[in-house]
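Written out below as structure tokens is the structure these notes cover.
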Amino acid sequence: MADTTSFSALSKPSYSLKPNPQIPQKAPLFILPKTLQKPSLFPQKPCLSHNTHITLSSKNPISDLVSTNEKSPDDFSSYFDDDDDKPREECGVVGVYGDPEASRLCYLALHALQHRGQEGAGIVAVNENKVLQSVTGVGLVSEVFNESKLDQLPGDLAIGHVRYSTAGSSMLKNVQPFVAGYRFGSVGVAHNGNLVNYRKLRAALEDNGSIFNTSSDTEVVLHLIATSKARPFFMRIVDACEKLEGAYSMVFVTEDKLVAVRDPFGFRPLVMGRRSNGAVVFASETCALDLIEATYEREVYPGEVLVVDKDGVQSLCLMPHPEPKQCIFEHIYFSLPNSVVFGRSVYESRHVFGEILATEAPVDCDVVIAVPDSGVVAALGYAAKAGVPFQQGLIRSHYVGRTFIEPSQKIRDFGVKLKLSPVRGVLEGKRVVVVDDSIVRGTTSSKIVRLLKEAGAKEVHMRIASPPIIASCYYGVDTPSSEELISNRMSVEEIREFIGCDSLAFLPLDSLKKLLGDESPSFCYACFSGNYPVQPKEVKVKRVGDFMDDGLNGSLESIDGSWVQAPLNQEVHKVSEVGKLSSLQN
Ligand code: SF4
């Protein structure tokens with residue numbers, strides 16, 4: 001057996017760290033990132049006593065948005081994501097300061113982040129009169145924006161958002177960025193993540209008279225900012241964030257400032273870059289920086305608040321925390337392989353995951369194929385390590401719309417066949433290793449195995465480039481309830497039998513941690529272990545539409561209304577077999 005490749009040996013990105021002098025870089029107010037101290041340079045001066053509420057002014061796009069869709073805002077029937085039996089991407093955010101094409105750059109960056117959310121998109125820009133103007137809509141970025149919509153968003157300061165709903169239903173009014181007017185001005189926000197204490201915060205705010213306009217957890221942030229007595233503005237953000245629990249990478253825009261914030265655990269990614277003209281850019285992934293020719297400078301650190309205005313970039317910290325808990329699933333599935341996330345190349349991570357599978361779960365085979373697109377890099381890693389050719393045994397259609405008309409006569413595995421086509425010439429008579437990134441409910445995997453066998457594969461060996469998912473995520477990733485997760489209900493052998501493959505192996509969690517080396521404790525593995533760094537306390541919002549039986553997902557029967565109950569105590573039930581992640585070969 002070959003040695004396991006060390007994850008910590010992965011090369012770091014070679015991006016320039018030089019700030020552009022055109023926007024001065026202020027000295028950080030606090031040294032980051034080990035133990036973050038609450039800033040004390042900004043004493044919280046009490047404001048005039050008042051019970052502030054967010055006022056929805058006419059320039060507030062929550063009530064005064066420019067709808068770009070002809071269809072009813074509530075009509076999402078054609079927008080249910082019909083993608084595979086996978087966790088859903090969360091959201092993507094972007095912010096640009098100091099570029100006359102700010103909204104157009106946001107638009108392009110949102111295209112690069114489209115994989116993080118396809119349900120809605122929006123941009124808020126600050127015009128020359130310091131008015132925050134917004135365009136939001138349901139659907140893809142290309143469906144929401146056109147030339148004339150972007151013409152409505154002049155200015156050199158803008159934020160943008162692509163949405164997949166992790167809390168709040170999919171109505172148009174929930175499409176971000178949100179904007180609200182309050183006592184001292186206007187503020188817009190775009191949020192990636194999920195707050196675990198949203199209901200408690202909302203109830204407390206409503207008790208004090210706040211009126212909510214959406215069902216999104218992000219709106220509580222605006223209310224907390226508005227009701228904060230702290231000064232100056234960014235201390236209001238700090239004050240608000242201290243009350244939040246859970247995952248949040250957010251960008252805010254005011255009349256003259258762009259602010260980026262990442263929660264103290266750093267669950268979701270957020271990076272900073274600059275364009276050659278000095279414009280500062282924040283984005284969920286570096287792939288967005290690449291598209292708009294911004295140079296990656298660094299991550300926004302967990303617990304950090306970065307404020308950009310005419311005086312430059314200021315860094316300050318929120319609160320102390322033991323250690324970050326960055327989402328390892330960003331490397332497994334969510335982020336694009338050309339991105340650098342949490343300081344590491346996603347491509348290299350996935351390649352190494354495949355290499356480990358080849359080392360720890362080898363099998364005699366003739367060809368290695370991938371479930372496209374997210375399994376491709378891990379399959380390349382497996383093939384390279386095993387010395388077996390990688391070939392395209394499954395072709396993914398990129399032209400299937402998000403709705404389709406079923407034939408009147410039932411075609412077995414219709415949904416999967418629309419998306420994935422087997423290549424008989426690659427598969428016929430072969431012993432095939434097929435690499436996928438994860439298994440959620442197992443329904444799609446069984447259909448894929450059947451497709452491969454029907455196309456002539458002699459043996460099908462499935463290799464999964466993640467550990468078994470046994471627990472639901474509460475930090476901004478939409479996974480089914482724990483009861484629906486196949487790895488929470490079955491042993492590896494039982495899953496293999498259910499899927500119908502000849503052997504099945506997952507990436508062992510211990511190997512994944514070993515790869516991460518010293519950095520291992522700074523990652524979240526809750527969906528593989530059930531050990532939540534921030535204990536979920538509330539119900540998790542779901543849509544029935546998340547589980548429409550479109551041939552790719554499971555049936556609706558197992559969905560309890562549109563809600564999934566969060567664990568009531570610290571105990572998260574796990575199947576005993578989860579610890580046994582050895583490969584099983586027939
Ligand atoms: S529970 Fe899983 S998906 Fe959610 S943040 Fe943690 S590692 Fe990521």
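Identifiers for the structure tokens are assigned positionally: chains receive A, B, ... in sequence, residues are indexed from 1 per chain, and ligands are indexed from 1 in the order shown.
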Could you pull the residues within 8 Å of Ala125 (chain A), counting only C-alpha atoms, minus those fewer than 3 positions along the same chain, as a short mmCIF file (atom, residue, chain, number, x, y, z; two decimals) with N, CA and C atoms, in the first residue's frame?
data_model
loop_
_atom_site.label_atom_id
_atom_site.label_comp_id
_atom_site.auth_asym_id
_atom_site.auth_seq_id
_atom_site.Cartn_x
_atom_site.Cartn_y
_atom_site.Cartn_z
N ALA A 102 -19.33 48.87 -9.73
CA ALA A 102 -19.51 47.97 -8.58
C ALA A 102 -20.63 46.96 -8.80
N SER A 103 -21.79 47.41 -9.27
CA SER A 103 -22.92 46.48 -9.39
C SER A 103 -22.67 45.46 -10.51
N LEU A 132 -29.64 53.68 -1.14
CA LEU A 132 -29.42 52.26 -1.42
C LEU A 132 -30.52 51.78 -2.36
N GLN A 133 -30.12 51.32 -3.54
CA GLN A 133 -31.08 50.85 -4.53
C GLN A 133 -30.88 49.36 -4.76
N SER A 134 -31.97 48.69 -5.02
CA SER A 134 -31.91 47.23 -5.05
C SER A 134 -32.63 46.64 -6.25
N LEU A 153 -28.58 50.41 -11.10
CA LEU A 153 -27.73 50.24 -9.91
C LEU A 153 -26.38 50.93 -10.08
N PRO A 154 -26.38 52.26 -10.32
CA PRO A 154 -25.10 52.95 -10.45
C PRO A 154 -24.43 53.09 -9.08
N GLY A 155 -23.14 53.46 -9.10
CA GLY A 155 -22.43 53.68 -7.84
C GLY A 155 -21.20 52.82 -7.74
N ASP A 156 -20.31 53.21 -6.80
CA ASP A 156 -19.05 52.46 -6.66
C ASP A 156 -19.04 51.56 -5.44
N LEU A 157 -20.22 51.33 -4.85
CA LEU A 157 -20.32 50.50 -3.66
C LEU A 157 -21.56 49.61 -3.80
N ALA A 158 -21.37 48.31 -3.70
CA ALA A 158 -22.52 47.39 -3.90
C ALA A 158 -22.26 46.07 -3.19
N ILE A 159 -23.35 45.40 -2.84
CA ILE A 159 -23.26 44.02 -2.34
C ILE A 159 -24.24 43.16 -3.14
#
Neighbours of ligand 1 at 7 Å or closer, counting only C-alpha atoms and all ligand atoms: which residues, as an MDAnalysis selection string?
chainID A and resid 267 326:330 472:477 524:528
Atom pair CA of Phe265 (chain A) + CA of Glu323 (chain A), distance 6.7 Å
Please identify every residue of region 94-130 of chain A that has at least one atom no farther than 12 Å from an atom of region 278-294 of chain A, counting only C-alpha atoms, and for each give the shortest atom pair and the distance in Å to one decimal, arranged by chain then increasing number, as a Markdown table.
| residue | atom | partner | partner_atom | distance |
| --- | --- | --- | --- | --- |
| A:Val94 | CA | A:Ala283 | CA | 4.3 |
| A:Gly95 | CA | A:Phe282 | CA | 5.0 |
| A:Val96 | CA | A:Val281 | CA | 4.6 |
| A:Tyr97 | CA | A:Val280 | CA | 5.2 |
| A:Gly98 | CA | A:Ala279 | CA | 4.5 |
| A:Asp99 | CA | A:Ala279 | CA | 5.4 |
| A:Pro100 | CA | A:Ala279 | CA | 9.2 |
| A:Glu101 | CA | A:Ala279 | CA | 10.1 |
| A:Ala102 | CA | A:Ala279 | CA | 8.9 |
| A:Ser103 | CA | A:Ile292 | CA | 11.7 |
| A:Arg104 | CA | A:Ile292 | CA | 9.6 |
| A:Leu105 | CA | A:Ile292 | CA | 6.3 |
| A:Cys106 | CA | A:Ile292 | CA | 8.7 |
| A:Tyr107 | CA | A:Ile292 | CA | 9.8 |
| A:Leu108 | CA | A:Ile292 | CA | 6.8 |
| A:Ala109 | CA | A:Ala288 | CA | 4.6 |
| A:Leu110 | CA | A:Ala288 | CA | 7.2 |
| A:His111 | CA | A:Ala288 | CA | 7.9 |
| A:Ala112 | CA | A:Ala288 | CA | 5.1 |
| A:Leu113 | CA | A:Ala288 | CA | 6.4 |
| A:Gln114 | CA | A:Ala288 | CA | 9.8 |
| A:His115 | CA | A:Glu285 | CA | 10.9 |
| A:Arg116 | CA | A:Ser284 | CA | 9.1 |
| A:Gly117 | CA | A:Ser284 | CA | 11.7 |
Best match for closeness to Asn127 (chain A) among A:Glu255, A:Asp217, A:Glu493, A:Glu90, counting only C-alpha atoms:
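When distances to Asn127 (chain A) are compared using only C-alpha atoms, the smallest one comes from A:Glu255.
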In terms of the shortest atom-to-atom distance over only C-alpha atoms, which of A:Leu507, A:Val400, A:Leu336, A:Val238 is closest to Leu306 (chain A)?
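Residue with the minimum atom-to-atom distance to Leu306 (chain A): A:Val238.
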As an MDAnalysis selection string, list the residues of region 64-253 of chain A assigned to strand (DSSP E) by DSSP on the backbone atoms of this structure.
chainID A and resid 92:97 120:126 132:138 157:163 178:182 185:195 246:253
From region 80-242 of chain A, collect each residue whose DSSP state is helix (DSSP H, G or I) and return the set as a VMD selection string.
chain A and resid 102 to 112 114 to 116 141 to 144 147 to 151 172 to 174 198 to 207 218 to 227 233 to 241
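Each of A:Phe523, A:Phe353, A:Tyr296, A:Tyr198 was checked against Ser215 (chain A) using only C-alpha atoms; the smallest atom-to-atom distance is that of A:Tyr198.
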Hey, can you check how far CA of Val376 (chain A) sits from CA of Arg463 (chain A)?
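Separation between CA of Val376 (chain A) and CA of Arg463 (chain A): 11.9 Å.
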Give me, as a PyMOL selection string, all polymer residues having an atom no more than 7 Å from region 434-441 of chain A, counting only C-alpha atoms and skipping those fewer than 4 positions away in the same chain.
chain A and resi 85-86+332-333+368-371+374-375+378-379+460-466+469+484-486
File of the preceding selection, C-alpha atoms, as a PDB file, in the first residue's frame:
ATOM      1  CA  ASP A  85     -29.734  13.508  -3.693  1.00  0.00           C
ATOM      2  CA  LYS A  86     -27.195  15.874  -2.180  1.00  0.00           C
ATOM      3  CA  ILE A 332     -15.896  17.871  -0.133  1.00  0.00           C
ATOM      4  CA  TYR A 333     -18.738  19.224  -2.197  1.00  0.00           C
ATOM      5  CA  VAL A 368     -12.327   4.636 -12.803  1.00  0.00           C
ATOM      6  CA  ILE A 369     -15.244   6.944 -13.532  1.00  0.00           C
ATOM      7  CA  ALA A 370     -16.870   9.811 -11.644  1.00  0.00           C
ATOM      8  CA  VAL A 371     -20.378  10.921 -10.881  1.00  0.00           C
ATOM      9  CA  SER A 374     -18.524  17.030  -8.040  1.00  0.00           C
ATOM     10  CA  GLY A 375     -16.983  13.538  -8.034  1.00  0.00           C
ATOM     11  CA  ALA A 378     -11.663  12.732  -6.356  1.00  0.00           C
ATOM     12  CA  ALA A 379     -12.000  10.166  -9.171  1.00  0.00           C
ATOM     13  CA  VAL A 460     -19.630  -1.598  -9.964  1.00  0.00           C
ATOM     14  CA  HIS A 461     -17.534  -0.539  -6.967  1.00  0.00           C
ATOM     15  CA  MET A 462     -18.652   2.689  -5.347  1.00  0.00           C
ATOM     16  CA  ARG A 463     -16.170   4.919  -3.558  1.00  0.00           C
ATOM     17  CA  ILE A 464     -17.436   7.933  -1.627  1.00  0.00           C
ATOM     18  CA  ALA A 465     -15.056  10.857  -1.088  1.00  0.00           C
ATOM     19  CA  SER A 466     -16.554  11.817   2.273  1.00  0.00           C
ATOM     20  CA  ILE A 469     -23.316  11.649   6.767  1.00  0.00           C
ATOM     21  CA  GLU A 484     -33.640  10.340   6.454  1.00  0.00           C
ATOM     22  CA  LEU A 485     -29.881  10.007   6.181  1.00  0.00           C
ATOM     23  CA  ILE A 486     -29.118   6.510   4.997  1.00  0.00           C
TER      24      ILE A 486
END
So which one's closest to Leu427 (chain A), A:Ile211, A:Val175, A:Leu394, A:Ile448? Using only C-alpha atoms, please.
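Closest to Leu427 (chain A) of all the choices is A:Leu394.
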Got a sec: who's within 12 Å of Arg424 (chain A), counting only C-alpha atoms, leaving out chain neighbours fewer than 3 positions off, as number ranges by chain?
A: 391-395, 421, 427-430, 432, 451-458
Find the spatial neighbours of Glu497 (chain A), counting only C-alpha atoms, within a cut-off of 12 Å - ignore same-chain residues fewer than 3 positions away - and output them as a list in words.
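Answer for this query is Gly442, Ser445, Ser446, Val449, His461, Met462, Ile486, Met490, Ser491, Val492, Glu493, Glu494, Gly500, Cys501, Asp502, Ser503, Leu504, Leu584, Gln585 and Asn586 of chain A.
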Write a file of the just-selected residues containing N, CA and C atoms, as a JSON list (two decimals), in the first residue's frame.
[["chain", "number", "residue", "atom", "x", "y", "z"],
["A", 442, "GLY", "N", -29.29, 7.99, -0.46],
["A", 442, "GLY", "CA", -28.95, 6.77, -1.17],
["A", 442, "GLY", "C", -29.81, 6.48, -2.37],
["A", 445, "SER", "N", -27.87, 7.13, -5.65],
["A", 445, "SER", "CA", -26.77, 6.18, -5.84],
["A", 445, "SER", "C", -27.28, 4.86, -6.40],
["A", 446, "SER", "N", -28.42, 4.40, -5.90],
["A", 446, "SER", "CA", -28.93, 3.11, -6.39],
["A", 446, "SER", "C", -29.32, 3.22, -7.87],
["A", 449, "VAL", "N", -26.07, 3.13, -9.96],
["A", 449, "VAL", "CA", -25.53, 1.76, -10.08],
["A", 449, "VAL", "C", -26.34, 0.98, -11.12],
["A", 461, "HIS", "N", -18.07, -0.77, -8.31],
["A", 461, "HIS", "CA", -17.53, -0.54, -6.97],
["A", 461, "HIS", "C", -17.65, 0.95, -6.65],
["A", 462, "MET", "N", -18.41, 1.28, -5.64],
["A", 462, "MET", "CA", -18.65, 2.69, -5.35],
["A", 462, "MET", "C", -17.69, 3.16, -4.27],
["A", 486, "ILE", "N", -29.26, 7.97, 5.07],
["A", 486, "ILE", "CA", -29.12, 6.51, 5.00],
["A", 486, "ILE", "C", -28.01, 5.99, 5.91],
["A", 490, "MET", "N", -28.37, 2.74, 8.41],
["A", 490, "MET", "CA", -27.85, 1.46, 7.92],
["A", 490, "MET", "C", -26.34, 1.37, 8.10],
["A", 491, "SER", "N", -25.87, 0.17, 8.20],
["A", 491, "SER", "CA", -24.42, -0.07, 8.19],
["A", 491, "SER", "C", -23.92, 0.09, 6.75],
["A", 492, "VAL", "N", -22.60, 0.13, 6.60],
["A", 492, "VAL", "CA", -22.04, 0.25, 5.25],
["A", 492, "VAL", "C", -22.48, -0.92, 4.38],
["A", 493, "GLU", "N", -22.48, -2.13, 4.97],
["A", 493, "GLU", "CA", -22.89, -3.31, 4.20],
["A", 493, "GLU", "C", -24.37, -3.21, 3.80],
["A", 494, "GLU", "N", -25.20, -2.72, 4.71],
["A", 494, "GLU", "CA", -26.62, -2.56, 4.38],
["A", 494, "GLU", "C", -26.82, -1.52, 3.28],
["A", 500, "GLY", "N", -26.99, -1.63, -4.32],
["A", 500, "GLY", "CA", -26.84, -2.69, -5.33],
["A", 500, "GLY", "C", -25.48, -2.74, -5.97],
["A", 501, "CYS", "N", -24.47, -2.14, -5.34],
["A", 501, "CYS", "CA", -23.13, -2.18, -5.93],
["A", 501, "CYS", "C", -22.36, -3.38, -5.39],
["A", 502, "ASP", "N", -21.21, -3.65, -6.01],
["A", 502, "ASP", "CA", -20.44, -4.83, -5.63],
["A", 502, "ASP", "C", -19.56, -4.57, -4.42],
["A", 503, "SER", "N", -19.13, -3.34, -4.25],
["A", 503, "SER", "CA", -18.44, -2.97, -3.01],
["A", 503, "SER", "C", -18.66, -1.48, -2.78],
["A", 504, "LEU", "N", -18.51, -1.10, -1.53],
["A", 504, "LEU", "CA", -18.75, 0.31, -1.15],
["A", 504, "LEU", "C", -17.75, 0.70, -0.09],
["A", 584, "LEU", "N", -16.00, -2.69, 1.92],
["A", 584, "LEU", "CA", -16.65, -3.99, 1.88],
["A", 584, "LEU", "C", -16.63, -4.48, 0.45],
["A", 585, "GLN", "N", -16.00, -5.59, 0.27],
["A", 585, "GLN", "CA", -15.91, -6.11, -1.08],
["A", 585, "GLN", "C", -16.51, -7.50, -1.14],
["A", 586, "ASN", "N", -17.19, -7.71, -2.19],
["A", 586, "ASN", "CA", -17.74, -9.04, -2.38],
["A", 586, "ASN", "C", -16.68, -9.95, -2.99]]
A straight line from CA of Phe414 (chain A) to CA of Thr443 (chain A) spans 12.9 Å
Please determine, counting only C-alpha atoms, which residue among A:Gly137, A:Pro269, A:Gly381, A:Pro533 has the shortest atom-to-atom distance to Gln118 (chain A).
A:Gly137
